[in-house]
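Data first, discussion second: the structure below is written as structure tokens.
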Amino acid sequence: MDATAERPVVQVAAPPIELEREPLVLKQRSLAWISDTVAGIAEGKTPTWWWAAFIPSFLVMTMCFVMIAYLISTGVGVWGLNHPVGWAWDITNFVFWIGIGHAGTLISAVLFLLRQKWRTSINRSAEAMTLFAVVCAGIFPLIHVGRIWLAWWLFPLPNANGIWPQFRSPLLWDVFAVSTYGTVSLLFWYVGLIPDLATMRDRAKTVLRKFCYGFFALGWTGSNRHWRNYEKAYLLLAGLSTPLVLSVHSIVSFDFAVSQVPGWHTTIFPPYFVAGAIFSGFGMVLTLLIPLRTLCKLEDVITVRHVELMGKVILATGSMVGYAYGMEFFIAWYGGNPYELYAFKNRAFGPYWWAYWTMITCNVISPQLFWFKKIRTNIAIVFILSIFVNIGMWFERFVIIVTSLHRDYLPSNWGYFKPTIVDILTFVGSFGLFLTLFLLFMRFLPLIAISEVKGVTPLADPHHPLGGSKGGHH
Amino acid sequence: MSTAASRSYGILAEFETPADVMHAAEKVRDAGYKKWDVHTPFPVHGMDQAMGLKNSVVGYFTFAGGITGLTLGMSMIWFMNKFDYAIVVGGKPLFSPLYAFPVSYEMTILLGAFGTLFGMFALNRLPRLHHPLLKNLRFRGATHDKFYIVIECGDSNYSSAETRALLEKAGSKHIEIVEE
């Protein structure tokens, strides 16, 4: 007792004003304001804008299912695929969607491990985006097999002749990577939701809402004995998701890199695909959240600072992608393989030059604007640039897949891929599926991690005056 | 008094700020209570020490899950591609831990994640959909903006007068008995 009383008082100077960070929740909002605002989005009367977004999305989703039914009942000939381009929009769309998912896991897991507290405002919606993007991604490999009723051959089950799937193929690795990714993302998302579902349960007015939220909240009481295990489990799940997210897109890139096709057979693919995936995912997070923060009046939680920080991530990953494009060209020349060099020259200056230069413009040139703080903090410009990222990353996958396949070793084998209307409508329809799921999510579940946002405010810090600290020793 | 105590679950004390509840928790810990808990809308940093709790053991479940996943992945691929129905593909070996690694790696993470989740549930005794506290209307603040200490009547140190006095002295403005 005496020893602690005699301890010298350490005076820590407050940081200078220019080094103080902007608060994560503006206007010193109270803890109650955070739950009322976020939970309020999923309560009360459905806003008109929601219906205006949901009805078209639902119709577009229906169109997607009609196209898939047409494909399955007729055959893959309804797509523009043919020799020599056996993979085209199907696998482009698959890689596009799975890449988008990666930002959600990066925000929820990697930024958590790096103690980036700003993630709390965006992690819930980004994780939801991951899940729905994986749903969209999963459809395309499933339907591109043609005879979809034999898709169970992908699973570790013996077929009618007792033959097992062969695990030497990266395509089978992909099945395990994507299904693990979907499952672990769902678990991580659900664990994060449990305390917020308890908040929704305690606010619920109707019996049905009380039952549903109460059932999924599992009887959460905010007990500190529970938080102790919960926080450890959350940390471990973040630690598991980080190597997972890096492995998933690496394995997706093995689908190409392990083959012998010039333009695909390169060792730079795994890191290059991962950087591109994060780049595209942050693009999609911004495309979704910039309108939502205004429509749901969340400007004090998803602040301009959040948008600016995401702009910086886009700048960093976009520059990595640009470096990878340059390095691919360099190695194609330096490696001395004439087929490899031809594949790259053909990409940039061959019949698909327009796709290549769209990719370069959207992925390498336009993100460089994010060097300027004026642009990073201008919400309208960031929104437009985020759409460019989405376009550019779809074209990246199209360029990699189609330009490498359409001209192989024998000129008599050369061809030119053109999509059919079914190709186009299936892809457009997948956006309907994605948006329908996302709109349902934001209408029924808290769009922002309520308990996590509360936890990063000064009100939650027992050593801060706003958290009730009277100063003195602790 | 003893009949009333047998019908009561515990005593609930409400606090306004995380600092208040943490100082109160230190007092309850020092008074030697065992069956008690702090309920907060978010994890309060430093509360584990204030309550005298040790590090969580969820990690053992994660490790067990991960090891199971790795073993299962490797042995599944060996069984399917080498033992049960061997087919040579492209002159590659029938089994090699190298080509089996990507799938086994994913299985490690998958089962590790399941171990973490179900380990956490088991340690927390969740799901528990029926709980005396969940019937208490005042307690709804625990997921909103209030902080609570609950001391169970079953604690050997519990005495209705002294426990109440301790919580009042610790700064609680609202104290009530929670019925079973």
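We name chains A, B, ... following the order of the structure tokens; residues begin at 1 in each chain, and ligands are numbered from 1 as shown.
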With only C-alpha atoms considered, list every residue of chain A at most 6 Å from chain B, as a list in words. Leu31, Ala32, Trp164, Arg168, Trp173, Ala177, Thr180, Thr199, Asp202, Leu218, Gly219, Gly222, Ser223, Asn224, His226, Trp227, Asn229, Ala233, Ser451, Gly455, Pro462, Gly467, Gly468 and Ser469 of chain A
Neighbours of Ala13 (chain B) within 9 Å (only C-alpha atoms; same-chain residues fewer than 3 positions away dropped), as an MDAnalysis selection string? chainID B and resid 147:151 164 167:168 172:177
If you run DSSP over the backbone, which residues in region 115-345 of chain A end up alpha helix (DSSP H)? Put them as a PDB file with C-alpha atoms, in the first residue's frame.
```pdb
ATOM      1  CA  ASN A 123     -15.890  -4.424 -41.071  1.00  0.00           C
ATOM      2  CA  ARG A 124     -19.446  -5.746 -40.695  1.00  0.00           C
ATOM      3  CA  SER A 125     -20.628  -4.558 -44.103  1.00  0.00           C
ATOM      4  CA  ALA A 126     -17.332  -5.550 -45.727  1.00  0.00           C
ATOM      5  CA  GLU A 127     -17.638  -9.076 -44.300  1.00  0.00           C
ATOM      6  CA  ALA A 128     -21.218  -9.303 -45.537  1.00  0.00           C
ATOM      7  CA  MET A 129     -19.961  -8.191 -48.926  1.00  0.00           C
ATOM      8  CA  THR A 130     -17.371 -10.995 -48.773  1.00  0.00           C
ATOM      9  CA  LEU A 131     -20.011 -13.613 -48.123  1.00  0.00           C
ATOM     10  CA  PHE A 132     -22.299 -12.459 -50.905  1.00  0.00           C
ATOM     11  CA  ALA A 133     -19.387 -12.098 -53.318  1.00  0.00           C
ATOM     12  CA  VAL A 134     -18.377 -15.704 -52.538  1.00  0.00           C
ATOM     13  CA  VAL A 135     -21.973 -16.786 -53.256  1.00  0.00           C
ATOM     14  CA  CYS A 136     -21.811 -15.054 -56.655  1.00  0.00           C
ATOM     15  CA  ALA A 137     -18.342 -16.473 -57.294  1.00  0.00           C
ATOM     16  CA  GLY A 138     -19.409 -20.007 -56.434  1.00  0.00           C
ATOM     17  CA  ILE A 139     -22.136 -20.045 -59.065  1.00  0.00           C
ATOM     18  CA  PHE A 140     -19.846 -19.661 -62.075  1.00  0.00           C
ATOM     19  CA  PRO A 141     -17.505 -22.640 -61.687  1.00  0.00           C
ATOM     20  CA  LEU A 142     -20.533 -24.723 -60.779  1.00  0.00           C
ATOM     21  CA  ILE A 143     -22.484 -23.873 -63.945  1.00  0.00           C
ATOM     22  CA  HIS A 144     -19.483 -23.812 -66.273  1.00  0.00           C
ATOM     23  CA  PRO A 170      -5.130 -27.086 -58.785  1.00  0.00           C
ATOM     24  CA  LEU A 171      -8.792 -27.005 -59.802  1.00  0.00           C
ATOM     25  CA  LEU A 172      -9.537 -29.326 -56.902  1.00  0.00           C
ATOM     26  CA  TRP A 173      -7.389 -27.228 -54.564  1.00  0.00           C
ATOM     27  CA  ASP A 174      -9.600 -24.359 -55.595  1.00  0.00           C
ATOM     28  CA  VAL A 175     -12.737 -26.240 -54.518  1.00  0.00           C
ATOM     29  CA  PHE A 176     -11.299 -26.646 -51.027  1.00  0.00           C
ATOM     30  CA  ALA A 177      -9.925 -23.095 -50.881  1.00  0.00           C
ATOM     31  CA  VAL A 178     -13.173 -21.428 -51.883  1.00  0.00           C
ATOM     32  CA  SER A 179     -15.428 -23.589 -49.730  1.00  0.00           C
ATOM     33  CA  THR A 180     -13.148 -23.124 -46.692  1.00  0.00           C
ATOM     34  CA  TYR A 181     -13.056 -19.411 -47.382  1.00  0.00           C
ATOM     35  CA  GLY A 182     -16.845 -19.178 -47.553  1.00  0.00           C
ATOM     36  CA  THR A 183     -17.290 -21.215 -44.357  1.00  0.00           C
ATOM     37  CA  VAL A 184     -14.656 -19.430 -42.262  1.00  0.00           C
ATOM     38  CA  SER A 185     -15.876 -16.015 -43.442  1.00  0.00           C
ATOM     39  CA  LEU A 186     -19.378 -16.981 -42.347  1.00  0.00           C
ATOM     40  CA  LEU A 187     -18.145 -18.128 -38.914  1.00  0.00           C
ATOM     41  CA  PHE A 188     -16.100 -14.980 -38.393  1.00  0.00           C
ATOM     42  CA  TRP A 189     -19.009 -12.787 -39.427  1.00  0.00           C
ATOM     43  CA  TYR A 190     -21.386 -14.632 -37.148  1.00  0.00           C
ATOM     44  CA  VAL A 191     -19.065 -14.452 -34.133  1.00  0.00           C
ATOM     45  CA  GLY A 192     -18.836 -10.695 -34.656  1.00  0.00           C
ATOM     46  CA  LEU A 193     -22.622 -10.483 -34.895  1.00  0.00           C
ATOM     47  CA  ILE A 194     -23.459 -12.263 -31.615  1.00  0.00           C
ATOM     48  CA  PRO A 195     -23.213  -9.203 -29.276  1.00  0.00           C
ATOM     49  CA  ASP A 196     -25.072  -7.045 -31.784  1.00  0.00           C
ATOM     50  CA  LEU A 197     -27.800  -9.656 -32.200  1.00  0.00           C
ATOM     51  CA  ALA A 198     -28.206  -9.430 -28.412  1.00  0.00           C
ATOM     52  CA  THR A 199     -28.632  -5.659 -28.774  1.00  0.00           C
ATOM     53  CA  MET A 200     -31.283  -6.239 -31.455  1.00  0.00           C
ATOM     54  CA  ARG A 201     -32.965  -8.831 -29.235  1.00  0.00           C
ATOM     55  CA  ASP A 202     -33.155  -6.431 -26.304  1.00  0.00           C
ATOM     56  CA  ARG A 203     -34.632  -3.706 -28.502  1.00  0.00           C
ATOM     57  CA  VAL A 207     -42.580 -11.559 -30.730  1.00  0.00           C
ATOM     58  CA  LEU A 208     -41.139 -12.734 -34.037  1.00  0.00           C
ATOM     59  CA  ARG A 209     -38.190 -10.336 -33.875  1.00  0.00           C
ATOM     60  CA  LYS A 210     -37.580 -11.212 -30.220  1.00  0.00           C
ATOM     61  CA  PHE A 211     -37.548 -14.896 -31.094  1.00  0.00           C
ATOM     62  CA  CYS A 212     -35.333 -14.636 -34.176  1.00  0.00           C
ATOM     63  CA  TYR A 213     -32.717 -12.247 -32.762  1.00  0.00           C
ATOM     64  CA  GLY A 214     -32.875 -14.011 -29.400  1.00  0.00           C
ATOM     65  CA  PHE A 215     -32.338 -17.410 -31.009  1.00  0.00           C
ATOM     66  CA  PHE A 216     -29.258 -16.324 -32.945  1.00  0.00           C
ATOM     67  CA  ALA A 217     -27.865 -14.238 -30.055  1.00  0.00           C
ATOM     68  CA  ASN A 224     -17.103 -10.300 -18.926  1.00  0.00           C
ATOM     69  CA  ARG A 225     -16.376 -13.978 -18.321  1.00  0.00           C
ATOM     70  CA  HIS A 226     -17.796 -14.513 -21.818  1.00  0.00           C
ATOM     71  CA  TRP A 227     -16.062 -11.505 -23.380  1.00  0.00           C
ATOM     72  CA  ARG A 228     -12.747 -12.949 -22.214  1.00  0.00           C
ATOM     73  CA  ASN A 229     -13.174 -16.139 -24.255  1.00  0.00           C
ATOM     74  CA  TYR A 230     -14.985 -14.284 -27.014  1.00  0.00           C
ATOM     75  CA  GLU A 231     -12.167 -11.803 -27.575  1.00  0.00           C
ATOM     76  CA  LYS A 232      -9.607 -14.592 -27.626  1.00  0.00           C
ATOM     77  CA  ALA A 233     -11.697 -16.544 -30.127  1.00  0.00           C
ATOM     78  CA  TYR A 234     -12.090 -13.433 -32.276  1.00  0.00           C
ATOM     79  CA  LEU A 235      -8.339 -12.853 -32.242  1.00  0.00           C
ATOM     80  CA  LEU A 236      -7.695 -16.492 -33.180  1.00  0.00           C
ATOM     81  CA  LEU A 237     -10.242 -16.374 -35.996  1.00  0.00           C
ATOM     82  CA  ALA A 238      -8.540 -13.224 -37.284  1.00  0.00           C
ATOM     83  CA  GLY A 239      -5.225 -15.062 -37.067  1.00  0.00           C
ATOM     84  CA  LEU A 240      -6.673 -17.989 -39.038  1.00  0.00           C
ATOM     85  CA  SER A 241      -8.395 -15.803 -41.632  1.00  0.00           C
ATOM     86  CA  THR A 242      -5.228 -13.905 -42.513  1.00  0.00           C
ATOM     87  CA  PRO A 243      -3.264 -16.864 -43.932  1.00  0.00           C
ATOM     88  CA  LEU A 244      -6.560 -18.103 -45.355  1.00  0.00           C
ATOM     89  CA  VAL A 245      -7.277 -14.981 -47.400  1.00  0.00           C
ATOM     90  CA  LEU A 246      -3.722 -14.947 -48.740  1.00  0.00           C
ATOM     91  CA  SER A 247      -3.945 -18.618 -49.676  1.00  0.00           C
ATOM     92  CA  VAL A 248      -7.326 -18.422 -51.395  1.00  0.00           C
ATOM     93  CA  HIS A 249      -6.340 -16.056 -54.149  1.00  0.00           C
ATOM     94  CA  SER A 250      -2.926 -17.720 -54.410  1.00  0.00           C
ATOM     95  CA  ILE A 251      -4.706 -20.989 -55.088  1.00  0.00           C
ATOM     96  CA  VAL A 252      -7.056 -19.278 -57.557  1.00  0.00           C
ATOM     97  CA  SER A 253      -3.942 -18.055 -59.369  1.00  0.00           C
ATOM     98  CA  PHE A 254      -2.577 -21.644 -59.403  1.00  0.00           C
ATOM     99  CA  ASP A 255      -5.505 -22.528 -61.678  1.00  0.00           C
ATOM    100  CA  PHE A 256      -3.558 -20.547 -64.257  1.00  0.00           C
ATOM    101  CA  ALA A 257       0.047 -20.532 -63.076  1.00  0.00           C
ATOM    102  CA  PHE A 269       0.771 -14.764 -60.111  1.00  0.00           C
ATOM    103  CA  PRO A 270       0.032 -15.550 -56.421  1.00  0.00           C
ATOM    104  CA  PRO A 271       1.167 -12.211 -54.900  1.00  0.00           C
ATOM    105  CA  TYR A 272      -0.105 -10.312 -57.919  1.00  0.00           C
ATOM    106  CA  PHE A 273      -3.540 -11.914 -57.631  1.00  0.00           C
ATOM    107  CA  VAL A 274      -3.722 -11.227 -53.893  1.00  0.00           C
ATOM    108  CA  ALA A 275      -2.840  -7.546 -54.354  1.00  0.00           C
ATOM    109  CA  GLY A 276      -5.385  -7.273 -57.160  1.00  0.00           C
ATOM    110  CA  ALA A 277      -8.041  -8.950 -55.045  1.00  0.00           C
ATOM    111  CA  ILE A 278      -7.582  -6.498 -52.186  1.00  0.00           C
ATOM    112  CA  PHE A 279      -7.557  -3.634 -54.665  1.00  0.00           C
ATOM    113  CA  SER A 280     -10.830  -4.727 -56.259  1.00  0.00           C
ATOM    114  CA  GLY A 281     -12.446  -5.470 -52.906  1.00  0.00           C
ATOM    115  CA  PHE A 282     -11.728  -2.022 -51.520  1.00  0.00           C
ATOM    116  CA  GLY A 283     -13.150  -0.611 -54.738  1.00  0.00           C
ATOM    117  CA  MET A 284     -16.387  -2.491 -54.131  1.00  0.00           C
ATOM    118  CA  VAL A 285     -16.502  -1.554 -50.406  1.00  0.00           C
ATOM    119  CA  LEU A 286     -16.324   2.120 -51.402  1.00  0.00           C
ATOM    120  CA  THR A 287     -18.912   1.695 -54.162  1.00  0.00           C
ATOM    121  CA  LEU A 288     -21.334   0.217 -51.615  1.00  0.00           C
ATOM    122  CA  LEU A 289     -20.594   2.340 -48.547  1.00  0.00           C
ATOM    123  CA  ILE A 290     -20.393   5.817 -50.081  1.00  0.00           C
ATOM    124  CA  PRO A 291     -24.095   5.842 -51.048  1.00  0.00           C
ATOM    125  CA  LEU A 292     -25.062   3.940 -47.882  1.00  0.00           C
ATOM    126  CA  ARG A 293     -23.446   6.354 -45.451  1.00  0.00           C
ATOM    127  CA  THR A 294     -25.597   9.149 -46.883  1.00  0.00           C
ATOM    128  CA  LEU A 295     -28.797   7.125 -47.277  1.00  0.00           C
ATOM    129  CA  VAL A 304     -14.452  11.111 -44.524  1.00  0.00           C
ATOM    130  CA  ARG A 305     -11.346   9.817 -42.742  1.00  0.00           C
ATOM    131  CA  HIS A 306     -12.526   6.239 -43.308  1.00  0.00           C
ATOM    132  CA  VAL A 307     -13.023   6.949 -47.003  1.00  0.00           C
ATOM    133  CA  GLU A 308      -9.614   8.583 -47.185  1.00  0.00           C
ATOM    134  CA  LEU A 309      -7.880   5.628 -45.547  1.00  0.00           C
ATOM    135  CA  MET A 310      -9.519   3.227 -47.990  1.00  0.00           C
ATOM    136  CA  GLY A 311      -8.307   5.484 -50.804  1.00  0.00           C
ATOM    137  CA  LYS A 312      -4.773   5.001 -49.516  1.00  0.00           C
ATOM    138  CA  VAL A 313      -5.153   1.216 -49.539  1.00  0.00           C
ATOM    139  CA  ILE A 314      -6.397   1.433 -53.128  1.00  0.00           C
ATOM    140  CA  LEU A 315      -3.411   3.564 -54.078  1.00  0.00           C
ATOM    141  CA  ALA A 316      -0.987   1.087 -52.497  1.00  0.00           C
ATOM    142  CA  THR A 317      -2.533  -2.067 -53.951  1.00  0.00           C
ATOM    143  CA  GLY A 318      -3.172  -0.402 -57.344  1.00  0.00           C
ATOM    144  CA  SER A 319       0.510   0.483 -57.533  1.00  0.00           C
ATOM    145  CA  MET A 320       1.461  -3.112 -56.643  1.00  0.00           C
ATOM    146  CA  VAL A 321      -0.775  -4.341 -59.443  1.00  0.00           C
ATOM    147  CA  GLY A 322       0.829  -1.836 -61.824  1.00  0.00           C
ATOM    148  CA  TYR A 323       4.260  -3.109 -60.810  1.00  0.00           C
ATOM    149  CA  ALA A 324       3.127  -6.688 -61.478  1.00  0.00           C
ATOM    150  CA  TYR A 325       1.930  -5.748 -64.982  1.00  0.00           C
ATOM    151  CA  GLY A 326       5.323  -4.186 -65.700  1.00  0.00           C
ATOM    152  CA  MET A 327       7.248  -7.102 -64.222  1.00  0.00           C
ATOM    153  CA  GLU A 328       5.259  -9.624 -66.277  1.00  0.00           C
ATOM    154  CA  PHE A 329       6.314  -7.824 -69.427  1.00  0.00           C
ATOM    155  CA  PHE A 330       9.913  -7.576 -68.291  1.00  0.00           C
ATOM    156  CA  ILE A 331      10.147 -11.292 -67.502  1.00  0.00           C
ATOM    157  CA  ALA A 332       8.448 -12.200 -70.782  1.00  0.00           C
ATOM    158  CA  TRP A 333      11.265 -10.361 -72.575  1.00  0.00           C
ATOM    159  CA  TYR A 334      14.072 -11.289 -70.173  1.00  0.00           C
ATOM    160  CA  PRO A 338       9.352 -16.385 -77.795  1.00  0.00           C
ATOM    161  CA  TYR A 339       5.852 -17.754 -77.056  1.00  0.00           C
ATOM    162  CA  GLU A 340       5.730 -15.947 -73.716  1.00  0.00           C
ATOM    163  CA  LEU A 341       6.896 -12.673 -75.274  1.00  0.00           C
ATOM    164  CA  TYR A 342       4.374 -13.055 -78.076  1.00  0.00           C
ATOM    165  CA  ALA A 343       1.540 -13.618 -75.576  1.00  0.00           C
ATOM    166  CA  PHE A 344       2.326 -10.322 -73.867  1.00  0.00           C
ATOM    167  CA  LYS A 345       2.827  -8.314 -77.051  1.00  0.00           C
TER     168      LYS A 345
END
```
Residue neighbourhood region 156-160 of chain B, 9 Å, only C-alpha atoms, exclusion window fewer than 3 positions, as number ranges by chain: B: 5, 11, 31-35, 151-153, 163-165
Same residues, N, CA and C atoms, saved as a PDB file, in the first residue's frame:
```pdb
ATOM      1  N   ALA B   5     -34.231 -15.697  -0.434  1.00  0.00           N
ATOM      2  CA  ALA B   5     -32.933 -15.850  -1.079  1.00  0.00           C
ATOM      3  C   ALA B   5     -32.934 -17.035  -2.034  1.00  0.00           C
ATOM      4  N   ILE B  11     -27.950 -10.298  -7.029  1.00  0.00           N
ATOM      5  CA  ILE B  11     -28.149  -8.865  -6.845  1.00  0.00           C
ATOM      6  C   ILE B  11     -27.484  -8.144  -8.014  1.00  0.00           C
ATOM      7  N   ALA B  31     -13.176  -8.356  -2.088  1.00  0.00           N
ATOM      8  CA  ALA B  31     -14.031  -8.850  -1.001  1.00  0.00           C
ATOM      9  C   ALA B  31     -14.134 -10.371  -1.041  1.00  0.00           C
ATOM     10  N   GLY B  32     -13.580 -11.006  -2.066  1.00  0.00           N
ATOM     11  CA  GLY B  32     -13.488 -12.459  -2.093  1.00  0.00           C
ATOM     12  C   GLY B  32     -14.684 -13.182  -2.685  1.00  0.00           C
ATOM     13  N   TYR B  33     -15.500 -12.489  -3.452  1.00  0.00           N
ATOM     14  CA  TYR B  33     -16.634 -13.173  -4.087  1.00  0.00           C
ATOM     15  C   TYR B  33     -16.133 -14.061  -5.225  1.00  0.00           C
ATOM     16  N   LYS B  34     -16.874 -15.154  -5.474  1.00  0.00           N
ATOM     17  CA  LYS B  34     -16.485 -16.077  -6.550  1.00  0.00           C
ATOM     18  C   LYS B  34     -17.544 -16.122  -7.655  1.00  0.00           C
ATOM     19  N   LYS B  35     -18.842 -16.213  -7.249  1.00  0.00           N
ATOM     20  CA  LYS B  35     -19.896 -16.351  -8.259  1.00  0.00           C
ATOM     21  C   LYS B  35     -20.448 -14.975  -8.603  1.00  0.00           C
ATOM     22  N   ILE B 151     -23.921 -10.236  -8.547  1.00  0.00           N
ATOM     23  CA  ILE B 151     -23.362 -11.203  -7.594  1.00  0.00           C
ATOM     24  C   ILE B 151     -24.460 -12.215  -7.296  1.00  0.00           C
ATOM     25  N   GLU B 152     -24.150 -13.471  -7.502  1.00  0.00           N
ATOM     26  CA  GLU B 152     -25.179 -14.502  -7.328  1.00  0.00           C
ATOM     27  C   GLU B 152     -25.422 -14.770  -5.850  1.00  0.00           C
ATOM     28  N   CYS B 153     -26.700 -15.100  -5.541  1.00  0.00           N
ATOM     29  CA  CYS B 153     -27.046 -15.430  -4.157  1.00  0.00           C
ATOM     30  C   CYS B 153     -26.347 -16.706  -3.717  1.00  0.00           C
ATOM     31  N   THR B 163     -23.682  -7.381   0.983  1.00  0.00           N
ATOM     32  CA  THR B 163     -23.378  -7.306  -0.437  1.00  0.00           C
ATOM     33  C   THR B 163     -23.960  -6.024  -1.019  1.00  0.00           C
ATOM     34  N   ARG B 164     -25.180  -5.702  -0.602  1.00  0.00           N
ATOM     35  CA  ARG B 164     -25.805  -4.471  -1.073  1.00  0.00           C
ATOM     36  C   ARG B 164     -24.983  -3.254  -0.633  1.00  0.00           C
ATOM     37  N   ALA B 165     -24.529  -3.298   0.613  1.00  0.00           N
ATOM     38  CA  ALA B 165     -23.741  -2.177   1.135  1.00  0.00           C
ATOM     39  C   ALA B 165     -22.436  -2.025   0.339  1.00  0.00           C
TER      40      ALA B 165
END
```
